[in-house]
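Participant: Pasting a structure below so you can have a look.
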Amino acid sequence: MKPQPILTAVTDRIRQRSASSRQAYLHDLDAAAARERGADRMGCSNVAHAFAGLPANDKFKVVVQRAPNIGIVTSYNDMLSAHTPFATYPDLIKDEARKLGATAQVAGGVPAMCDGVTQGTEGMELSLFSRDVIAMATAVSLSHDVFDAALMLGICDKIVPGLLIGALHFGHLPTVFVPGGPMTSGLSNSAKAKVREQAAQGLVGREALLAAESQAYHSPGTCTFYGTANSNQMLMEAMGLHVPGTAFVNPGQALRAELTREAVRTVLGIAKANGRFTPIGRLVDERAIVNAMVALLATGGSTNHLIHWVAVARAAGITIDWNDFSDLSAAVPSLTRIYPNGTADVNQFQAAGGPGFVIRELLDAGLMHEDVLTVRAGGIREYTRVPSLHGDSVMAWADIGPSRDTEVVRPATNPFSASGGLRLLTGNLGRGVIKVSSVPPDRHVVQAPARIFDSQDQLLQAFDAGELDRDVVCVVRWQGPQANGMPELHKLTPALSVLQSKGFHVALVTDGRMSGASGKVPAAIHVSPEAAAGGALAKLRDGDVVRVDADAGTLEALVPPAQWVVREHAVMPDSLRAANGVGMGRELFAAFRRNATLAEEGACTWL
C-alpha cells in the first residue's frame with residue numbers, strides 16, 4: 001500500500017529537520033562498526049580481564065575461534081513483578097548461544113523502579129530521571145566493548161526507553177529487545193478503578209482496597225492495563241526490535257522461553273559475521289520512529305511517550321516534536337479499546353488479535369512505512385503474524401486473520417474513531433497534550449474557574465474538605481522536570497473521577513505527568529514551559545477562568561490580554577523549594593533537575 005500523504009509529509013519534515021544531526025550520528029556509528037573485534041583490538045590484559053570469568057570452552061570460542069559474543073543488559077530484580085521473569089533468561093540465552101557456536105555474557109544490570117509502588121510518594125520524583133540513569137547504566141554495561149551484538153532485557157515504564165537510548169549510543173551493535181510478558185488477568189481494571197473511587201469517597205476502608213489491588217496485581221509479569229509498560233511493548237513490535245509477536249505472551253509459558261531462544265538466533269542472524277549486518281542505529285531511522293508514533297496513536301497508548309520518544313529519537317540523531325504527534329493523530333484511526341480506553345486488558349487484546357492485527361491494519365491502510373529495516377529478514381510484515389510452538393522447540397508464525405473481538409480491536413476500515421487519542425493544546429498557558437481516547441466527548445471542553453495548587457497533596461486536602469464540589473479546573477504546578485523531576489500525578493485520578501461522576505465539569509492542568517493509565521478526566525499535561533522555567537502556569541491565580549478545549553486544541557487563561565501581559569509570575573514557595581530534592585536519594589539528582597530540557601524536548605539530562 002502506498003503511504004498516506006500525511007505519513008510521507010511528517011516523515012519528510014523530520015528527515016529534513018534532522019539531516020545534520022542524523023548524518024553526524026551515522027558517521028560515528030560507521031566508524032565504530034568499522035573497527036576490529038574487541039578481543040582482537042584490545043591489549044592482552046584487557047582481553048584477559050573481559051573473559052576471565054567465562055567457562056574455559058566459552059573463553060576458547062570467543063578468543064581463539066573468534067565466535068560472536070552477545071552482551072546481555074538486564075533489568076532483573078525480584079521485587080517487581082514485571083522484572084521477576086528475567087531471573088532465568090541469562091542461563092537460557094547462554095545455552096542457546098553455545099548451541100549456535102557463540103557466547104553470551106551479562107554485561108550489566110540497570111535499575112528498574114515501579115511507578116505503581118512509588119505513585120504519590122517522594123520516590124516518584126526519581127521516576128522520570130531513572131530513564132536517563134538506565135540509559136547511562138546501559139552505556140556502562142556496553143562500554144567494555146567486547147560485544148558483537150546485544151540483547152536488552154526490559155519491559156516497564158522508563159526501562160525500555162532507557163535501554164533504547166543507551167543502545168542507540170552504541171548504535172553499531174545489532175540489538176534485539178527481549179520482554180517478559182504480562183501477568184495473567186486478575187481483578188478487572190474497571191472493577192479495580194471502582195474500588196479506588198469508593199475508597200476516595202470513604203465508602204470502603206484500607207482492607208477492602210488492598211484486597212482489590214492485590215487481586216489485580218497478583219503474579220509475575222507486567223500489569224495488565226494499557227499503560228506505559230505495555231505501550232512500550234507495542235512500540236517495540238512496531239519498530240521491529242522484538243522477535244515478532246513476543247510482546248504479550250505470558251511468563252512461564254513454553255512459548256515464552258522459546259521466543260527468548262529465538263531472540264538469540266535473531267540477534268546472531270544480524271551480527272556482522274553472519275552477512276545481514278543490521279546495527280540498531282541504522283534500524284532506528286526516521287521511518288521507524290514514525291511507525292512507533294503511529295502505533296502509539298492507533299492504540300491510545302501512554303502519554304509518557306510524548307516525552308520518551310522525543311528522547312529516543314534524539315539518541316539516534318533525529319528531532320521530533322509534539323506537532324508531529326498531533327498531525328499524525330489527526331489522520332491515524334483509533335483501532336483498539338484497551339483499559340483505560342476500554343474495558344479489555346492486554347491479555348484480551350492479545351487474544352483478539354494483538355499488536356500484529358494493528359500493525360497489519362496500519363500497513364494495509366498506508367499508515368506505516370513498510371520499507372524499513374527490522375531485526376528479521378522478512379521486514380515489518382513479519383510482525384503481522386502470531387507465533388506458536390509445535391512440540392518442544394519448533395516455532396511457527398501464522399496469519400492473524402480477522403479480529404476475534406471487534407469490541408477490542410477493529411480494522412482500519414471500521415475504527416472506533418477516525419483519529420488518534422492524543423491532542424496538542426496551545427495557547428497563552430503554553431503547550432501541552434491531552435489524551436482524549438477515554439474521555440467522554442461531552443467533556444472534551446471544560447471552562448471553569450481555576451483552583452491553584454502547589455502540590456498534589458494540596459489538591460487532595462481540598463477534595464477531602466469538600467472545597468472542589470463545583471465546576472473547576474485544578475491547576476497543579478511546580479511539577480516539571482526542573483522543579484521536582486516531573487512525577488506522575490496518578491493518585492489524583494480517583495478524586496477527580498469522583499467529582500466528574502457527581503456531574504461537575506472538572507479538568508486537570510499541570511506541568512507534571514499523568515500515568516500511562518490516565519483515564520476519563522480531561523487532563524492537560526506536560527504543559528511547557530514549566531512553571532519553574534518561567535512558564536505561564538506561574539501567572540495563574542485562583543478564580544481565573546481557564547478553558548481546556550481538546551476539540552479546538554487550545555489551552556487558555558481567559559484573562560484580558562492587557563492584564564495577562566503585565567501579570568507577574570509567581571515564585572515557587574520557599575517551603576516547597578526547600579523540600580524538593582531532599583530525602584529518598586533526591587539529593588543525588590540535583591544536577592538532573594538543573595540540566596533537564598523541557599518536556600517537549602524529551603526532559604533529557606544528557607544533552
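Quick note on naming: the chains in the C-alpha cells go A, B, ... in the order shown, residues restart at 1 in each chain, and ligands are numbered from 1 in order of appearance.
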Kindly assemble as a tab-separated table a list of the stretch 298-377 of chain A residues that lie within 12 Å of stretch 170-174 of chain A, each paired with its nearest atom pair and their distance in Å to one decimal, using only C-alpha atoms, sorted first by chain and then by ascending residue number.

Facilitator:
```
residue	atom	partner	partner_atom	distance
A:Ala315	CA	A:Gly171	CA	9.3
A:Ala316	CA	A:Gly171	CA	7.9
A:Gly317	CA	A:Gly171	CA	10.8
A:Leu373	CA	A:Pro174	CA	11.7
A:Thr374	CA	A:Pro174	CA	10.4
A:Val375	CA	A:Pro174	CA	8.1
A:Arg376	CA	A:Pro174	CA	11.4
```

Participant: Return as a tab-separated table the residues of stretch 397-463 of chain A lying at most 9 Å from stretch 500-511 of chain A, together with the closest atom-to-atom pair for each and the distance in Å to one decimal, counting only C-alpha atoms, with rows in chain order and ascending residue number.

Facilitator:
```
residue	atom	partner	partner_atom	distance
A:Gly432	CA	A:Asp511	CA	8.1
A:Arg443	CA	A:His505	CA	7.2
A:Val445	CA	A:His505	CA	8.9
A:Val446	CA	A:His505	CA	6.2
A:Gln447	CA	A:His505	CA	7.8
A:Ala448	CA	A:His505	CA	7.6
```

Participant: What would the file look like if the residues just selected were written as a PDB file, in the first residue's frame with C-alpha atoms?

Facilitator:
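As written to disk, selection.pdb reads:
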```pdb
ATOM      1  CA  GLY A 432       0.580  20.731  26.482  1.00  0.00           C
ATOM      2  CA  ARG A 443     -16.027  16.524  28.489  1.00  0.00           C
ATOM      3  CA  VAL A 445     -14.225  21.116  26.517  1.00  0.00           C
ATOM      4  CA  VAL A 446     -14.085  22.333  30.112  1.00  0.00           C
ATOM      5  CA  GLN A 447     -14.276  26.013  31.012  1.00  0.00           C
ATOM      6  CA  ALA A 448     -14.319  26.859  34.696  1.00  0.00           C
TER       7      ALA A 448
END
```

Participant: I need the alpha helix (DSSP H) residues of stretch 196-305 of chain A per DSSP on the backbone, written as number ranges by chain.

Facilitator: A: 196-200, 206-216, 228-238, 254-269, 280-283, 286-298, 305

Participant: Just the residues within 9 Å of A:Leu296, please, counting only C-alpha atoms, with nothing from its chain fewer than 6 positions along; format it as a PyMOL selection string.

Facilitator: chain A and resi 231-232+234-235+302+305+420

Participant: I'd like the contact shell of stretch 584-593 of chain A - 10 Å cut-off, only C-alpha atoms, skipping same-chain residues fewer than 5 positions apart - returned as a PyMOL selection string.

Facilitator: chain A and resi 121-126+129-130+132-133+480-486+603-606

Participant: With C-alpha atoms retained, export the selected residues as a PDB file, in the first residue's frame.

Facilitator:
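Written out: again_27.pdb:
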```pdb
ATOM      1  CA  THR A 121       5.367   9.267  47.234  1.00  0.00           C
ATOM      2  CA  GLU A 122       8.661  11.164  47.286  1.00  0.00           C
ATOM      3  CA  GLY A 123      10.291   8.296  45.421  1.00  0.00           C
ATOM      4  CA  MET A 124       8.179   9.109  42.368  1.00  0.00           C
ATOM      5  CA  GLU A 125      10.331  12.215  41.882  1.00  0.00           C
ATOM      6  CA  LEU A 126      13.160   9.893  40.775  1.00  0.00           C
ATOM      7  CA  PHE A 129      15.099  10.650  35.677  1.00  0.00           C
ATOM      8  CA  SER A 130      15.538   6.915  36.192  1.00  0.00           C
ATOM      9  CA  ASP A 132      18.417   8.503  31.893  1.00  0.00           C
ATOM     10  CA  VAL A 133      20.093   6.563  34.698  1.00  0.00           C
ATOM     11  CA  GLY A 480       8.018  19.796  35.785  1.00  0.00           C
ATOM     12  CA  PRO A 481      11.458  18.238  35.289  1.00  0.00           C
ATOM     13  CA  GLN A 482      13.351  21.253  36.594  1.00  0.00           C
ATOM     14  CA  ALA A 483      11.085  21.739  39.617  1.00  0.00           C
ATOM     15  CA  ASN A 484      10.921  18.266  41.122  1.00  0.00           C
ATOM     16  CA  GLY A 485      11.619  15.678  38.403  1.00  0.00           C
ATOM     17  CA  MET A 486       8.124  15.626  36.838  1.00  0.00           C
ATOM     18  CA  ALA A 603      13.203  16.077  29.526  1.00  0.00           C
ATOM     19  CA  CYS A 604      16.719  14.921  28.687  1.00  0.00           C
ATOM     20  CA  THR A 605      19.552  15.371  31.150  1.00  0.00           C
ATOM     21  CA  TRP A 606      22.335  14.307  28.791  1.00  0.00           C
TER      22      TRP A 606
END
```

Participant: Using only C-alpha atoms, which residue out of A:Phe277, A:Val146, A:Tyr339, A:Ala56 lies closest to A:Glu36?

Facilitator: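 Of all the options, A:Val146 lies closest to A:Glu36.
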
Participant: Between atom CA of A:Gln348 and atom CA of A:Pro85, what distance in Å does the model show, to one decimal?

Facilitator: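 Separation between atom CA of A:Gln348 and atom CA of A:Pro85: 21.0 Å.
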
Participant: Could you check the closest approach to A:Glu96 for each of A:Ala32, A:Leu268, A:Ala238, A:Leu164 and tell me which residue wins, using only C-alpha atoms?

Facilitator: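 Among A:Ala32, A:Leu268, A:Ala238, A:Leu164, it is A:Leu268 that comes nearest to A:Glu96.
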
Participant: For A:Val521, please output as number ranges by chain all residues within 7 Å (counting only C-alpha atoms; exclusion window: fewer than 6 positions along the same chain).

Facilitator: A: 439, 496-497, 507
